[in-house]
Amino acid sequence: DLSFRGLAFPSLQAALGRVSRPPPAVSLLEIHVPSQNWPEDGPAAGAVTSLLRAAALLAPEKLVFTFPLDSHLSYAGVDLPCFHRATSIVLEWIPFVLAGGEYPALQTLSIRGCEVDDLGALLSLCPHLRALRLIWLGGDDDRTTVHSTSLQELVMEAMWARRVDIVAPMLKQLTVSLHAYEQASISILAPMVEKVSWQCLYQNRTIWFGLWCLEKLSLQTAEAQEQLPSLHIHACSSVLV
């Protein structure tokens, strides 16, 4: 295993370059870029791309690559190279675009705080993905599209939803926590799903039923066979008492 923590960003690529060639079989590669005195517009996207390419040369089985929230990484986009051996990838606070190539071994993908150029295109390159975790996902498009014939577990948390489109015929577990826009459109096709935890918050009083304003909708499947699923609707009244 290789782990880089607390090493200043300019030194990371040099550190990766010192790994012997050809590299040994790397089970886990962790790169945690620490907080530091960044330029006003953050590190250059090209420099981050070079670091990711250096990491890809090591062909890790598991990759964890995180930037701090305060890096202000340029939204020009970082090229995400192909990690052909990776079965698990964790990315945090990196705006990225696809550089091409498939992720044939990838089974688990976790993306937190990233600006993703095209989530649908990324998932189409992961034919064996089984678990997907999306937290604070951003992007230029207001649509979150998750289409996967292999996905079995999906977690979406702390996300603003305008249009959500999920098609996952093998999905068994769905966990969702969303903040809905006024005209939110949510479509889910998952005929095999067994366990659901759903919470949708409606802010700014956008949906009304007469005098009642919808605030939160939550759905939870039963934890045990003898229990029933639960649906909770939270609303407030415009009538002042």
# chains A, B, ... in the order shown; residues from 1 in each chain; ligands from 1

$ closest_atom_pairs --of "segment 122-199 of chain A" --to "segment 94-104 of chain A" --cutoff "7 Å" --atoms "only C-alpha atoms" --output "JSON lines"
{"residue": "A:Leu125", "atom": "CA", "partner": "A:Glu102", "partner_atom": "CA", "distance": 4.7}
{"residue": "A:Cys126", "atom": "CA", "partner": "A:Tyr103", "partner_atom": "CA", "distance": 5.1}
{"residue": "A:Pro127", "atom": "CA", "partner": "A:Pro104", "partner_atom": "CA", "distance": 6.3}
{"residue": "A:His128", "atom": "CA", "partner": "A:Pro104", "partner_atom": "CA", "distance": 6.7}

$ write_last_selection --atoms "C-alpha atoms" --output "compact mmCIF listing (two decimals), in the first residue's frame"
# COMPACT_ATOMS: atom_id res chain seq x y z
CA LEU A 125 -17.57 3.36 -18.83
CA CYS A 126 -18.05 1.28 -15.67
CA PRO A 127 -19.74 -1.93 -16.88
CA HIS A 128 -19.30 -3.81 -13.58

$ closest_atom_pairs --of "segment 111-154 of chain A" --to "segment 79-84 of chain A" --cutoff "12 Å" --atoms "only C-alpha atoms" --output "JSON lines"
{"residue": "A:Cys114", "atom": "CA", "partner": "A:Leu80", "partner_atom": "CA", "distance": 11.9}
{"residue": "A:Glu115", "atom": "CA", "partner": "A:Asp79", "partner_atom": "CA", "distance": 11.9}
{"residue": "A:Val116", "atom": "CA", "partner": "A:Leu80", "partner_atom": "CA", "distance": 10.2}
{"residue": "A:Asp117", "atom": "CA", "partner": "A:Asp79", "partner_atom": "CA", "distance": 10.0}
{"residue": "A:Asp118", "atom": "CA", "partner": "A:Leu80", "partner_atom": "CA", "distance": 11.8}
{"residue": "A:Leu122", "atom": "CA", "partner": "A:Leu80", "partner_atom": "CA", "distance": 10.0}
{"residue": "A:Leu125", "atom": "CA", "partner": "A:Cys82", "partner_atom": "CA", "distance": 9.6}
{"residue": "A:Cys126", "atom": "CA", "partner": "A:His84", "partner_atom": "CA", "distance": 10.3}

$ atom_distance --atom1 "atom CA of Ala55 of chain A" --atom2 "atom CA of Leu16 of chain A"
7.0 Å

$ select_by_dssp --residues "segment 52-88 of chain A" --states "strand (DSSP E)" --output "list in words"
Lys62, Leu63, Val64, Phe65, Thr66, Val78, Asp79, Leu80 and Ser88 of chain A

$ closest_residue --among "A:Leu201, A:Thr206, A:Ile135, A:Leu2" --to "Pro24 of chain A" --atoms "only C-alpha atoms"
A:Leu2

$ closest_atom_pairs --of "segment 109-182 of chain A" --to "segment 186-192 of chain A" --cutoff "7 Å" --atoms "only C-alpha atoms" --output "JSON lines"
{"residue": "A:Arg163", "atom": "CA", "partner": "A:Ile186", "partner_atom": "CA", "distance": 5.8}
{"residue": "A:Val164", "atom": "CA", "partner": "A:Ile186", "partner_atom": "CA", "distance": 4.6}
{"residue": "A:Asp165", "atom": "CA", "partner": "A:Ser187", "partner_atom": "CA", "distance": 4.9}
{"residue": "A:Ile166", "atom": "CA", "partner": "A:Ile188", "partner_atom": "CA", "distance": 4.7}
{"residue": "A:Val167", "atom": "CA", "partner": "A:Leu189", "partner_atom": "CA", "distance": 4.8}
{"residue": "A:Ala168", "atom": "CA", "partner": "A:Ala190", "partner_atom": "CA", "distance": 5.2}
{"residue": "A:Pro169", "atom": "CA", "partner": "A:Ala190", "partner_atom": "CA", "distance": 5.0}
{"residue": "A:Met170", "atom": "CA", "partner": "A:Met192", "partner_atom": "CA", "distance": 5.8}
{"residue": "A:Leu171", "atom": "CA", "partner": "A:Ala190", "partner_atom": "CA", "distance": 5.9}
{"residue": "A:Lys172", "atom": "CA", "partner": "A:Met192", "partner_atom": "CA", "distance": 5.8}

$ residues_around --residues "Ala105 of chain A" --least-positions-apart "5" --cutoff "6 Å" --atoms "only C-alpha atoms" --output "number ranges by chain"
A: 85-87

$ write_last_selection --atoms "C-alpha atoms" --output "PDB file, in the first residue's frame"
ATOM      1  CA  ARG A  85      -7.107  -2.270 -12.434  1.00  0.00           C
ATOM      2  CA  ALA A  86      -9.080  -0.236  -9.928  1.00  0.00           C
ATOM      3  CA  THR A  87     -11.974  -1.999  -8.228  1.00  0.00           C
TER       4      THR A  87
END

$ closest_residue --among "A:Ile31, A:Ala45, A:Leu151, A:Ala54" --to "Gln13 of chain A" --atoms "only C-alpha atoms"
A:Ala54

$ select_by_dssp --residues "segment 94-234 of chain A" --states "helix (DSSP H, G or I)" --output "ChimeraX atom specification"
/A:119-124

$ residues_around --residues "His179 of chain A" --least-positions-apart "2" --cutoff "10 Å" --atoms "only C-alpha atoms" --output "number ranges by chain"
A: 157-162, 177, 181-182, 184, 199-203, 216

$ atom_distance --atom1 "atom CA of Asp70 of chain A" --atom2 "atom CA of Gln107 of chain A"
29.5 Å
